[in-house]
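Here is run-v5.csv, consisting of CSV, C-alpha atoms:
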```csv
chain,number,residue,atom,x,y,z
A,536,MET,CA,-40.1,3.1,14.7
A,537,PRO,CA,-43.1,1.0,15.7
A,538,ASP,CA,-42.3,-1.8,18.2
A,539,GLY,CA,-43.1,-4.4,15.7
A,540,ASP,CA,-40.3,-3.2,13.4
A,541,ALA,CA,-37.7,-2.8,16.1
A,542,ALA,CA,-34.5,-4.9,15.7
A,543,PRO,CA,-34.2,-7.7,18.2
A,544,ARG,CA,-31.8,-7.0,21.1
A,545,ARG,CA,-28.5,-8.8,20.8
A,546,ALA,CA,-27.8,-11.3,23.4
A,547,THR,CA,-25.1,-10.5,25.9
A,548,ILE,CA,-22.8,-12.4,28.2
A,549,SER,CA,-25.0,-11.5,31.1
A,550,ASP,CA,-28.0,-13.0,29.3
A,551,ILE,CA,-26.1,-16.3,28.7
A,552,ALA,CA,-24.9,-16.4,32.3
A,553,GLN,CA,-28.4,-15.9,33.7
A,554,ARG,CA,-29.9,-18.6,31.5
A,555,ALA,CA,-27.0,-21.0,32.2
A,556,GLY,CA,-27.0,-20.3,35.9
A,557,VAL,CA,-23.3,-19.4,36.0
A,558,SER,CA,-21.2,-16.3,36.4
A,559,THR,CA,-20.3,-13.9,33.6
A,560,SER,CA,-16.7,-14.8,34.2
A,561,ALA,CA,-17.5,-18.5,33.5
A,562,VAL,CA,-19.2,-17.5,30.3
A,563,SER,CA,-16.2,-15.5,29.2
A,564,TYR,CA,-13.8,-18.4,30.0
A,565,ALA,CA,-16.0,-20.7,27.9
A,566,LEU,CA,-16.4,-18.4,24.9
A,567,ASN,CA,-12.7,-17.6,24.7
A,568,ASP,CA,-11.6,-21.3,25.3
A,569,LYS,CA,-9.7,-20.4,28.4
A,570,PRO,CA,-9.2,-22.6,31.6
A,571,GLY,CA,-11.5,-21.9,34.5
A,572,VAL,CA,-14.5,-24.0,33.8
A,573,SER,CA,-15.1,-27.7,33.4
A,574,ALA,CA,-15.6,-29.4,30.1
A,575,SER,CA,-19.2,-30.1,30.8
A,576,THR,CA,-19.9,-26.5,31.9
A,577,ARG,CA,-18.1,-25.2,28.8
A,578,GLU,CA,-20.3,-27.3,26.5
A,579,HIS,CA,-23.4,-26.2,28.3
A,580,ILE,CA,-22.5,-22.5,28.0
A,581,LEU,CA,-21.6,-22.9,24.3
A,582,ALA,CA,-24.8,-24.6,23.5
A,583,ILE,CA,-26.9,-21.8,25.2
A,584,ALA,CA,-24.8,-19.2,23.3
A,585,SER,CA,-25.6,-20.9,20.1
A,586,GLU,CA,-29.3,-21.1,20.8
A,587,MET,CA,-29.3,-17.4,21.6
A,588,ASP,CA,-27.4,-16.5,18.4
A,589,PHE,CA,-24.7,-14.9,20.5
A,590,ALA,CA,-22.0,-13.1,18.4
A,591,PRO,CA,-19.5,-11.1,20.5
A,592,ALA,CA,-18.2,-7.8,19.0
A,593,ALA,CA,-15.0,-8.5,17.1
A,594,ALA,CA,-13.1,-5.8,18.9
A,595,ALA,CA,-14.0,-7.1,22.3
A,596,ARG,CA,-13.2,-10.7,21.3
A,597,MET,CA,-9.8,-9.8,20.0
A,598,LEU,CA,-9.0,-7.6,23.0
A,599,SER,CA,-9.9,-10.5,25.3
A,600,GLN,CA,-7.5,-12.7,23.3
A,601,GLY,CA,-4.7,-10.1,23.4
A,602,ARG,CA,-4.6,-9.5,19.7
A,603,THR,CA,-5.8,-6.9,17.1
A,604,ASP,CA,-5.5,-8.8,13.8
A,605,THR,CA,-3.8,-5.7,12.6
A,606,VAL,CA,-0.2,-5.2,11.2
A,607,GLY,CA,1.5,-1.9,11.1
A,608,LEU,CA,3.7,-0.4,8.3
A,609,VAL,CA,5.4,3.0,8.6
A,610,LEU,CA,6.8,4.5,5.5
A,611,ARG,CA,9.3,7.3,5.9
A,612,ARG,CA,8.8,8.8,2.5
A,613,ASP,CA,7.7,12.0,0.9
A,614,PRO,CA,4.0,11.5,0.0
A,615,ARG,CA,4.6,13.4,-3.3
A,616,PHE,CA,7.1,10.7,-4.4
A,617,LEU,CA,5.1,7.8,-2.9
A,618,ALA,CA,2.1,8.4,-5.2
A,619,ASN,CA,4.3,7.7,-8.2
A,620,GLU,CA,6.6,5.1,-6.8
A,621,SER,CA,5.3,1.7,-8.1
A,622,PHE,CA,7.5,-0.4,-5.8
A,623,PHE,CA,5.6,0.5,-2.6
A,624,MET,CA,2.2,0.4,-4.3
A,625,GLU,CA,2.9,-3.2,-5.5
A,626,LEU,CA,4.5,-4.1,-2.2
A,627,ILE,CA,1.4,-3.0,-0.3
A,628,ALA,CA,-0.8,-4.9,-2.7
A,629,GLY,CA,1.1,-8.0,-2.0
A,630,LEU,CA,1.0,-7.5,1.7
A,631,GLU,CA,-2.8,-7.0,1.5
A,632,ILE,CA,-3.2,-10.2,-0.4
A,633,GLY,CA,-1.1,-12.2,2.1
A,634,LEU,CA,-2.7,-10.6,5.2
A,635,ALA,CA,-6.2,-11.0,3.9
A,636,GLU,CA,-5.6,-14.8,3.7
A,637,GLN,CA,-4.8,-14.6,7.5
A,638,HIS,CA,-7.8,-12.4,8.2
A,639,ARG,CA,-5.5,-9.6,9.2
A,640,GLY,CA,-5.5,-5.9,8.2
A,641,LEU,CA,-2.8,-3.4,7.4
A,642,LEU,CA,-2.4,-0.1,9.2
A,643,LEU,CA,-0.3,2.3,7.1
A,644,GLN,CA,1.3,5.4,8.5
A,645,LEU,CA,3.7,8.0,6.9
A,646,ALA,CA,6.4,9.5,9.1
A,647,VAL,CA,8.5,12.6,8.4
A,648,ASP,CA,11.7,11.1,9.9
A,649,ARG,CA,13.2,8.2,11.7
A,650,GLU,CA,12.4,9.6,15.2
A,651,ALA,CA,8.7,10.0,14.3
A,652,GLU,CA,8.7,6.4,12.9
A,653,MET,CA,10.2,5.0,16.1
A,654,ALA,CA,7.7,7.0,18.2
A,655,MET,CA,4.9,5.4,16.2
A,656,TYR,CA,6.1,1.9,17.1
A,657,ARG,CA,6.2,2.8,20.8
A,658,GLN,CA,2.7,4.3,20.6
A,659,TRP,CA,1.3,1.3,18.8
A,660,LYS,CA,2.8,-1.1,21.4
A,661,ALA,CA,1.6,0.9,24.4
A,662,ALA,CA,-1.9,1.1,23.0
A,663,GLN,CA,-2.0,-2.5,21.8
A,664,ARG,CA,-2.8,-1.1,18.4
A,665,VAL,CA,-1.1,-3.8,16.3
A,666,ASP,CA,0.1,-7.3,16.7
A,667,ALA,CA,3.3,-6.8,14.7
A,668,VAL,CA,5.0,-4.5,12.3
A,669,LEU,CA,6.8,-4.6,9.0
A,670,LEU,CA,10.1,-2.7,8.7
A,671,VAL,CA,11.4,-1.3,5.4
A,672,ASP,CA,14.2,1.0,4.2
A,673,PHE,CA,16.9,-0.3,6.5
A,674,GLU,CA,20.0,1.7,7.4
A,675,ARG,CA,23.3,0.4,8.5
A,676,ASP,CA,23.2,-0.2,12.3
A,677,ASP,CA,19.5,0.4,12.1
A,678,PRO,CA,18.1,1.5,15.6
A,679,ARG,CA,14.7,0.0,14.9
A,680,VAL,CA,16.1,-3.5,15.4
A,681,GLY,CA,16.9,-2.9,19.0
A,682,LEU,CA,13.7,-0.9,19.5
A,683,VAL,CA,11.2,-3.6,18.5
A,684,GLY,CA,13.1,-6.2,20.4
A,685,GLY,CA,13.3,-4.0,23.5
A,686,ILE,CA,9.6,-3.2,23.6
A,687,GLY,CA,8.5,-6.8,22.6
A,688,LEU,CA,6.9,-5.8,19.3
A,689,PRO,CA,7.1,-8.7,16.8
A,690,ALA,CA,8.6,-7.5,13.5
A,691,VAL,CA,9.3,-8.8,10.0
A,692,ALA,CA,12.0,-7.0,8.1
A,693,ILE,CA,11.9,-6.3,4.3
A,694,GLY,CA,15.6,-5.9,3.4
A,695,ASP,CA,18.9,-7.6,3.2
A,696,PRO,CA,19.5,-10.0,6.1
A,697,SER,CA,22.9,-8.6,6.7
A,698,LEU,CA,21.2,-5.5,8.0
A,699,THR,CA,18.2,-6.8,10.0
A,700,GLY,CA,19.8,-8.1,13.2
A,701,GLY,CA,18.4,-11.6,13.1
A,702,LEU,CA,14.8,-10.5,12.6
A,703,THR,CA,12.5,-12.7,10.4
A,704,THR,CA,13.4,-11.2,6.9
A,705,ALA,CA,12.1,-11.2,3.4
A,706,TRP,CA,14.8,-10.1,1.0
A,707,THR,CA,15.9,-9.7,-2.6
A,708,ASP,CA,19.4,-10.1,-4.0
A,709,ASP,CA,20.1,-6.6,-5.2
A,710,ALA,CA,23.8,-7.1,-5.4
A,711,THR,CA,23.4,-9.9,-8.0
A,712,GLY,CA,20.9,-7.8,-9.9
A,713,ILE,CA,23.1,-4.7,-10.2
A,714,ARG,CA,26.0,-6.9,-11.3
A,715,GLU,CA,23.9,-8.3,-14.0
A,716,ALA,CA,23.0,-4.8,-15.2
A,717,VAL,CA,26.7,-3.9,-15.4
A,718,ARG,CA,27.6,-7.1,-17.2
A,719,HIS,CA,24.8,-6.6,-19.8
A,720,LEU,CA,25.9,-3.1,-20.6
A,721,HIS,CA,29.6,-4.2,-20.7
A,722,GLY,CA,28.6,-6.9,-23.2
A,723,LEU,CA,27.0,-4.1,-25.4
A,724,GLY,CA,30.4,-2.3,-25.5
A,725,HIS,CA,29.8,0.3,-22.8
A,726,ARG,CA,33.0,1.2,-21.0
A,727,ALA,CA,31.7,4.2,-19.0
A,728,ILE,CA,28.6,3.8,-16.9
A,729,ALA,CA,26.9,6.1,-14.4
A,730,ARG,CA,24.6,5.1,-11.6
A,731,VAL,CA,21.8,7.6,-10.5
A,732,ALA,CA,21.1,6.1,-7.1
A,733,GLY,CA,18.7,6.6,-4.2
A,734,ALA,CA,19.6,8.1,-0.8
A,735,SER,CA,23.0,7.1,0.4
A,736,THR,CA,21.7,6.6,4.0
A,737,LEU,CA,19.6,3.6,2.8
A,738,ALA,CA,21.5,0.3,3.2
A,739,HIS,CA,20.1,-1.3,0.1
A,740,VAL,CA,21.4,1.6,-1.9
A,741,HIS,CA,24.8,1.1,-0.3
A,742,ILE,CA,24.7,-2.6,-1.2
A,743,ARG,CA,23.9,-1.7,-4.8
A,744,ASP,CA,26.7,0.9,-4.8
A,745,GLU,CA,29.3,-1.5,-3.6
A,746,ALA,CA,28.3,-4.3,-6.1
A,747,PHE,CA,28.1,-1.7,-8.9
A,748,ALA,CA,31.6,-0.4,-8.2
A,749,ALA,CA,33.1,-3.8,-7.7
A,750,GLU,CA,31.6,-5.2,-11.0
A,751,CYS,CA,32.7,-2.1,-13.0
A,752,ALA,CA,36.2,-2.4,-11.5
A,753,ALA,CA,36.4,-6.1,-12.4
A,754,LEU,CA,35.4,-5.4,-16.0
A,755,GLY,CA,37.5,-2.3,-16.4
A,756,VAL,CA,34.5,0.0,-16.8
A,757,ARG,CA,34.8,3.6,-15.7
A,758,HIS,CA,32.0,4.5,-13.4
A,759,ARG,CA,30.5,7.2,-11.2
A,760,ILE,CA,27.6,7.2,-8.7
A,761,LEU,CA,25.3,10.2,-8.0
A,762,HIS,CA,23.0,9.9,-5.0
A,763,GLY,CA,19.5,11.4,-4.8
A,764,ASP,CA,16.2,10.8,-3.1
A,765,PHE,CA,14.2,8.7,-5.7
A,766,GLY,CA,12.5,12.0,-6.7
A,767,VAL,CA,12.2,13.7,-10.1
A,768,GLU,CA,14.1,16.9,-9.4
A,769,LEU,CA,17.4,15.2,-8.4
A,770,ALA,CA,17.1,12.6,-11.1
A,771,GLU,CA,16.9,15.3,-13.7
A,772,ARG,CA,19.8,17.2,-12.2
A,773,HIS,CA,22.0,14.1,-12.0
A,774,THR,CA,21.2,13.1,-15.5
A,775,ASN,CA,22.2,16.6,-16.7
A,776,ASP,CA,25.4,16.3,-14.7
A,777,VAL,CA,26.3,13.0,-16.4
A,778,LEU,CA,25.5,14.4,-19.9
A,779,ASP,CA,27.4,17.6,-19.2
A,780,ASP,CA,30.6,15.8,-18.5
A,781,ALA,CA,32.4,16.1,-21.8
A,782,ASP,CA,35.8,15.0,-20.4
A,783,ASP,CA,34.6,11.6,-19.4
A,784,PRO,CA,31.3,10.9,-21.1
A,785,CYS,CA,29.2,8.0,-20.0
A,786,THR,CA,27.3,6.0,-22.6
A,787,ALA,CA,24.9,4.3,-20.1
A,788,ILE,CA,23.1,5.2,-16.9
A,789,VAL,CA,21.5,2.8,-14.4
A,790,TYR,CA,18.8,4.3,-12.3
A,791,ASP,CA,17.6,3.1,-8.9
A,792,SER,CA,13.8,3.2,-9.7
A,793,GLY,CA,11.4,3.3,-12.6
A,794,LEU,CA,10.4,6.9,-11.9
A,795,THR,CA,13.9,8.2,-12.0
A,796,ALA,CA,14.6,6.2,-15.2
A,797,VAL,CA,11.6,7.8,-16.8
A,798,THR,CA,12.9,11.2,-15.7
A,799,GLY,CA,16.3,10.4,-17.2
A,800,LEU,CA,14.8,9.4,-20.5
A,801,LYS,CA,12.8,12.6,-20.6
A,802,THR,CA,15.8,14.7,-19.7
A,803,ALA,CA,18.0,13.1,-22.3
A,804,ARG,CA,15.4,13.6,-25.1
A,805,ALA,CA,14.9,17.2,-24.1
A,806,ARG,CA,18.6,17.7,-24.7
A,807,GLY,CA,18.5,16.1,-28.1
A,808,VAL,CA,20.3,12.9,-26.8
A,809,SER,CA,18.9,9.9,-28.6
A,810,VAL,CA,18.0,6.9,-26.4
A,811,PRO,CA,19.3,4.2,-27.0
A,812,ASP,CA,21.5,5.3,-29.9
A,813,GLN,CA,23.6,7.8,-27.9
A,814,LEU,CA,22.7,6.8,-24.4
A,815,SER,CA,21.5,3.5,-22.9
A,816,ILE,CA,19.2,3.5,-19.8
A,817,ILE,CA,18.3,0.7,-17.3
A,818,GLY,CA,15.8,1.3,-14.6
A,819,TRP,CA,14.9,-0.6,-11.4
A,820,ASP,CA,11.5,-2.2,-10.7
A,821,ASP,CA,9.1,-2.7,-13.5
A,822,SER,CA,5.7,-0.9,-13.7
A,823,LEU,CA,3.2,0.4,-16.2
A,824,LEU,CA,5.2,3.6,-16.1
A,825,THR,CA,8.3,2.0,-17.6
A,826,THR,CA,6.3,0.2,-20.3
A,827,VAL,CA,4.4,3.2,-21.8
A,828,THR,CA,7.4,5.4,-22.5
A,829,ASP,CA,8.8,5.8,-26.0
A,830,PRO,CA,10.9,3.7,-26.1
A,831,PRO,CA,9.8,1.5,-23.3
A,832,ILE,CA,12.5,1.3,-20.6
A,833,SER,CA,14.8,-1.7,-19.9
A,834,VAL,CA,14.6,-2.6,-16.2
A,835,MET,CA,16.0,-4.8,-13.5
A,836,SER,CA,12.9,-6.3,-11.9
A,837,TYR,CA,11.3,-9.1,-9.9
A,838,ASP,CA,7.7,-9.8,-8.8
A,839,VAL,CA,7.2,-7.1,-6.1
A,840,VAL,CA,3.6,-8.2,-5.4
A,841,SER,CA,4.8,-11.7,-4.6
A,842,TYR,CA,7.5,-10.2,-2.5
A,843,GLY,CA,4.9,-8.5,-0.3
A,844,THR,CA,2.8,-11.7,-0.1
A,845,ALA,CA,5.9,-13.6,1.0
A,846,ALA,CA,6.6,-11.0,3.7
A,847,ALA,CA,3.0,-11.3,4.9
A,848,GLY,CA,3.4,-15.1,5.1
A,849,LEU,CA,6.5,-14.8,7.1
A,850,LEU,CA,4.7,-12.5,9.5
A,851,GLY,CA,1.9,-15.0,9.9
A,852,ALA,CA,4.4,-17.8,10.6
A,853,LEU,CA,6.2,-15.6,13.2
A,854,LEU,CA,3.0,-14.8,15.1
A,855,ALA,CA,2.2,-18.5,15.0
A,856,GLY,CA,5.5,-19.2,16.8
A,857,ALA,CA,8.0,-19.9,14.0
A,858,GLU,CA,11.6,-19.2,14.7
A,859,PRO,CA,13.1,-16.1,12.9
A,860,ALA,CA,14.4,-16.9,9.5
A,861,ALA,CA,15.5,-15.2,6.3
A,862,HIS,CA,13.6,-15.9,3.0
A,863,LEU,CA,15.0,-15.0,-0.4
A,864,ALA,CA,12.0,-13.7,-2.3
A,865,GLY,CA,13.6,-12.9,-5.6
A,866,THR,CA,16.6,-11.8,-7.6
A,867,PRO,CA,16.2,-8.8,-10.0
A,868,THR,CA,16.7,-9.9,-13.6
A,869,LEU,CA,16.9,-7.9,-16.8
A,870,HIS,CA,13.8,-7.1,-18.8
A,871,GLU,CA,15.4,-5.8,-22.0
A,872,ARG,CA,13.3,-3.3,-24.0
A,873,GLY,CA,14.0,-0.3,-26.1
A,874,THR,CA,16.5,1.8,-24.0
A,875,THR,CA,19.6,-0.3,-24.3
A,876,ALA,CA,21.8,-0.8,-27.4
A,877,ARG,CA,25.4,-1.3,-28.4
A,878,ALA,CA,27.7,1.6,-27.5
A,879,GLU,CA,29.1,1.6,-31.1
A,880,ALA,CA,25.8,3.0,-32.3
A,881,ARG,CA,26.4,6.4,-30.6
```
Give the structure from the file, written as structure tokens.
Amino acid sequence: MPDGDAAPRRATISDIAQRAGVSTSAVSYALNDKPGVSASTREHILAIASEMDFAPAAAARMLSQGRTDTVGLVLRRDPRFLANESFFMELIAGLEIGLAEQHRGLLLQLAVDREAEMAMYRQWKAAQRVDAVLLVDFERDDPRVGLVGGIGLPAVAIGDPSLTGGLTTAWTDDATGIREAVRHLHGLGHRAIARVAGASTLAHVHIRDEAFAAECAALGVRHRILHGDFGVELAERHTNDVLDDADDPCTAIVYDSGLTAVTGLKTARARGVSVPDQLSIIGWDDSLLTTVTDPPISVMSYDVVSYGTAAAGLLGALLAGAEPAAHLAGTPTLHERGTTARAEAR
């Protein structure tokens, strides 16, 4: 490239120090607003930096300030399911919206198991890779609560506050939501209801299980719970198990996700079972997937994108010095569509 076309060399801290007649350390203190120089010297250095169009590299500036402007999220989920699971896609969208407003980025990592997830937090902390993390998919007596506290890694929990050990928490009232689903089906005359649930190790699944069983018992509804993994294969198998039970047939099934509800609808229709005339179905979490089926699926849902944005806001407040707190971000409510009807119609 000819000399006349060469890009101008970027000014450095050394250039500023030489022109200002001070040390490079003094320039660093002034640029990062740290003590070590007088107010007049600071003003003098900043004026020269402005004249020289000095723009420090973002990474170096953040490192000097002890921050990365990056937040970590580890998902311990099978990537085959994740691609079709609307909840996490919408949650991540909401997180991105909230973090962008704070000029922060999201670092997403998949882990094969809990040990790999916890190892990732240790690595991130040791390498100063993230400023904080978001924790999802809580278990009872979750070891991550003690881990992040022990290594000094700020964290915001997305889960029920009864599980999160006093961490700053964004949560939804799943217990109230599942009770509403049972009451709605009971009001339609259903007296035997199955629940095709997620993994029994997940605490939010356990919370839904307990509320489901308690509400069914209170209303005199026969019930059964079958646990899976939010995947298609087990949802299909459990739906067939429910439909095969001629001794105690259920007239309705409540699924723990939109994907498993779609699988249940498909499985029932393949067997010649009419939905909703012979079987009512309610899914969990709304998405395009649950609206384009025939018939569209009734769901218990809330605004998941706003849930993610609220969690990002809590994280920003935590990093700004706010005390840990729990924030109720929503309660699932029924969006009734074409897969629920009176039990007498069967």
Problem set entry | Which residue of A:Leu634, A:Ile742, A:Ile551, A:Ala753 approaches A:Arg726 most closely, using only C-alpha atoms |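 Looking only at the distances to A:Arg726, the closest residue turns out to be A:Ala753.
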Exercise. Interatomic distance between atom CA of A:Leu702 and atom CA of A:Gly843?
Worked result: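 Between atom CA of A:Leu702 and atom CA of A:Gly843 the gap works out to 16.4 Å.
Of note, atom CA of A:Leu608 and atom CA of A:Leu645 are spaced 8.5 Å apart.
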Problem set entry | Neighbour list for stretch 785-795 of chain A as a PyMOL selection string, cut-off 8 Å, all atoms listed in the file, skip fewer than 6 positions in-chain | chain A and resi 619-621+716+720+725-733+758+765-767+770-771+777-778+813-822+824-825+834+878
Box along x, y and z, 6 Å on every side, all listed atoms of stretch 762-767 of chain A inside: centre and edge lengths in Å to one decimal, as JSON.
```
{"center_x": 17.6, "center_y": 11.2, "center_z": -6.6, "size_x": 22.8, "size_y": 17.0, "size_z": 19.0}
```
Could you produce a table of the residues of stretch 707-801 of chain A lying within 12 Å of stretch 670-673 of chain A, with the nearest pair of atoms per residue and their separation in Å rounded to one decimal, using only C-alpha atoms, ordered by chain and increasing residue number, as JSON lines?
```
{"residue": "A:Gly733", "atom": "CA", "partner": "A:Asp672", "partner_atom": "CA", "distance": 11.1}
{"residue": "A:Ala734", "atom": "CA", "partner": "A:Asp672", "partner_atom": "CA", "distance": 10.2}
{"residue": "A:Ser735", "atom": "CA", "partner": "A:Asp672", "partner_atom": "CA", "distance": 11.4}
{"residue": "A:Thr736", "atom": "CA", "partner": "A:Phe673", "partner_atom": "CA", "distance": 8.8}
{"residue": "A:Leu737", "atom": "CA", "partner": "A:Phe673", "partner_atom": "CA", "distance": 6.0}
{"residue": "A:Ala738", "atom": "CA", "partner": "A:Phe673", "partner_atom": "CA", "distance": 5.7}
{"residue": "A:His739", "atom": "CA", "partner": "A:Phe673", "partner_atom": "CA", "distance": 7.2}
{"residue": "A:Val740", "atom": "CA", "partner": "A:Asp672", "partner_atom": "CA", "distance": 9.5}
{"residue": "A:His741", "atom": "CA", "partner": "A:Phe673", "partner_atom": "CA", "distance": 10.5}
{"residue": "A:Ile742", "atom": "CA", "partner": "A:Phe673", "partner_atom": "CA", "distance": 11.2}
```
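Minimum atom-to-atom distances from A:Ala845, A:Val691, A:Cys751, A:Ala746 to A:Arg718 were compared using all atoms listed in the file, and the lowest value belongs to A:Cys751.
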Problem set entry | A:Gly701 surroundings by only C-alpha atoms, 7 Å radius, close-in-sequence under 2 positions cut, as a PyMOL selection string | chain A and resi 699+703+859
Exercise. Atom CA of A:Val810 to atom CA of A:Gly873: how many Å, to one decimal?
Worked result: 8.2 Å
Around the point (-2.3, -3.5, 13.1) in the file's coordinates, collect all residues with an atom within 10 Å, using all atoms listed in the file, and return them as a CSV table (one decimal) with C-alpha atoms, keeping the file's coordinate frame.
```csv
chain,number,residue,atom,x,y,z
A,602,ARG,CA,-4.6,-9.5,19.7
A,603,THR,CA,-5.8,-6.9,17.1
A,604,ASP,CA,-5.5,-8.8,13.8
A,605,THR,CA,-3.8,-5.7,12.6
A,606,VAL,CA,-0.2,-5.2,11.2
A,607,GLY,CA,1.5,-1.9,11.1
A,608,LEU,CA,3.7,-0.4,8.3
A,639,ARG,CA,-5.5,-9.6,9.2
A,640,GLY,CA,-5.5,-5.9,8.2
A,641,LEU,CA,-2.8,-3.4,7.4
A,642,LEU,CA,-2.4,-0.1,9.2
A,643,LEU,CA,-0.3,2.3,7.1
A,659,TRP,CA,1.3,1.3,18.8
A,663,GLN,CA,-2.0,-2.5,21.8
A,664,ARG,CA,-2.8,-1.1,18.4
A,665,VAL,CA,-1.1,-3.8,16.3
A,666,ASP,CA,0.1,-7.3,16.7
A,667,ALA,CA,3.3,-6.8,14.7
A,668,VAL,CA,5.0,-4.5,12.3
```
For this session: May I have the residues within 10 Å of A:Pro570 as a PyMOL selection string, using only C-alpha atoms and disregarding those fewer than 6 positions away in the same chain?
Result: chain A and resi 561+564+577
Exercise. Residues at most 9 Å from A:Gly848, counting only C-alpha atoms, excluding those fewer than 3 positions away in the same chain, as a list of chain:residue names?
Worked result: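 Answer for this query is A:Leu630, A:Gly633, A:Leu634, A:Gln637, A:Gly843, A:Thr844, A:Ala845, A:Gly851, A:Ala852, A:Leu853.
Considering the residues A:Ala846, A:Ala855, A:Val840, A:Leu869 and counting only C-alpha atoms, A:Arg714 has its shortest atom-to-atom contact with A:Leu869.
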Exercise. Using only C-alpha atoms, which of the listed residues (A:Ala805, A:Ala705, A:Leu849, A:Val827) sits closest to A:Ala864?
Worked result: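 Answer, going by the shortest atom-to-atom distance: A:Ala705.
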For this session: Measuring atom to atom with all atoms listed in the file, identify which of A:Ala781, A:Ala748, A:Val797, A:Met587 is nearest to A:Glu768.
Result: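 The answer is A:Val797, which sits nearest to A:Glu768.
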For this session: Rank A:Ser841, A:Pro614, A:Ala662, A:Phe589 by their smallest atom-to-atom distance to A:Glu631, using all atoms listed in the file, and report the top residue only.
Result: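 For A:Glu631, the nearest of the given residues is A:Ser841.
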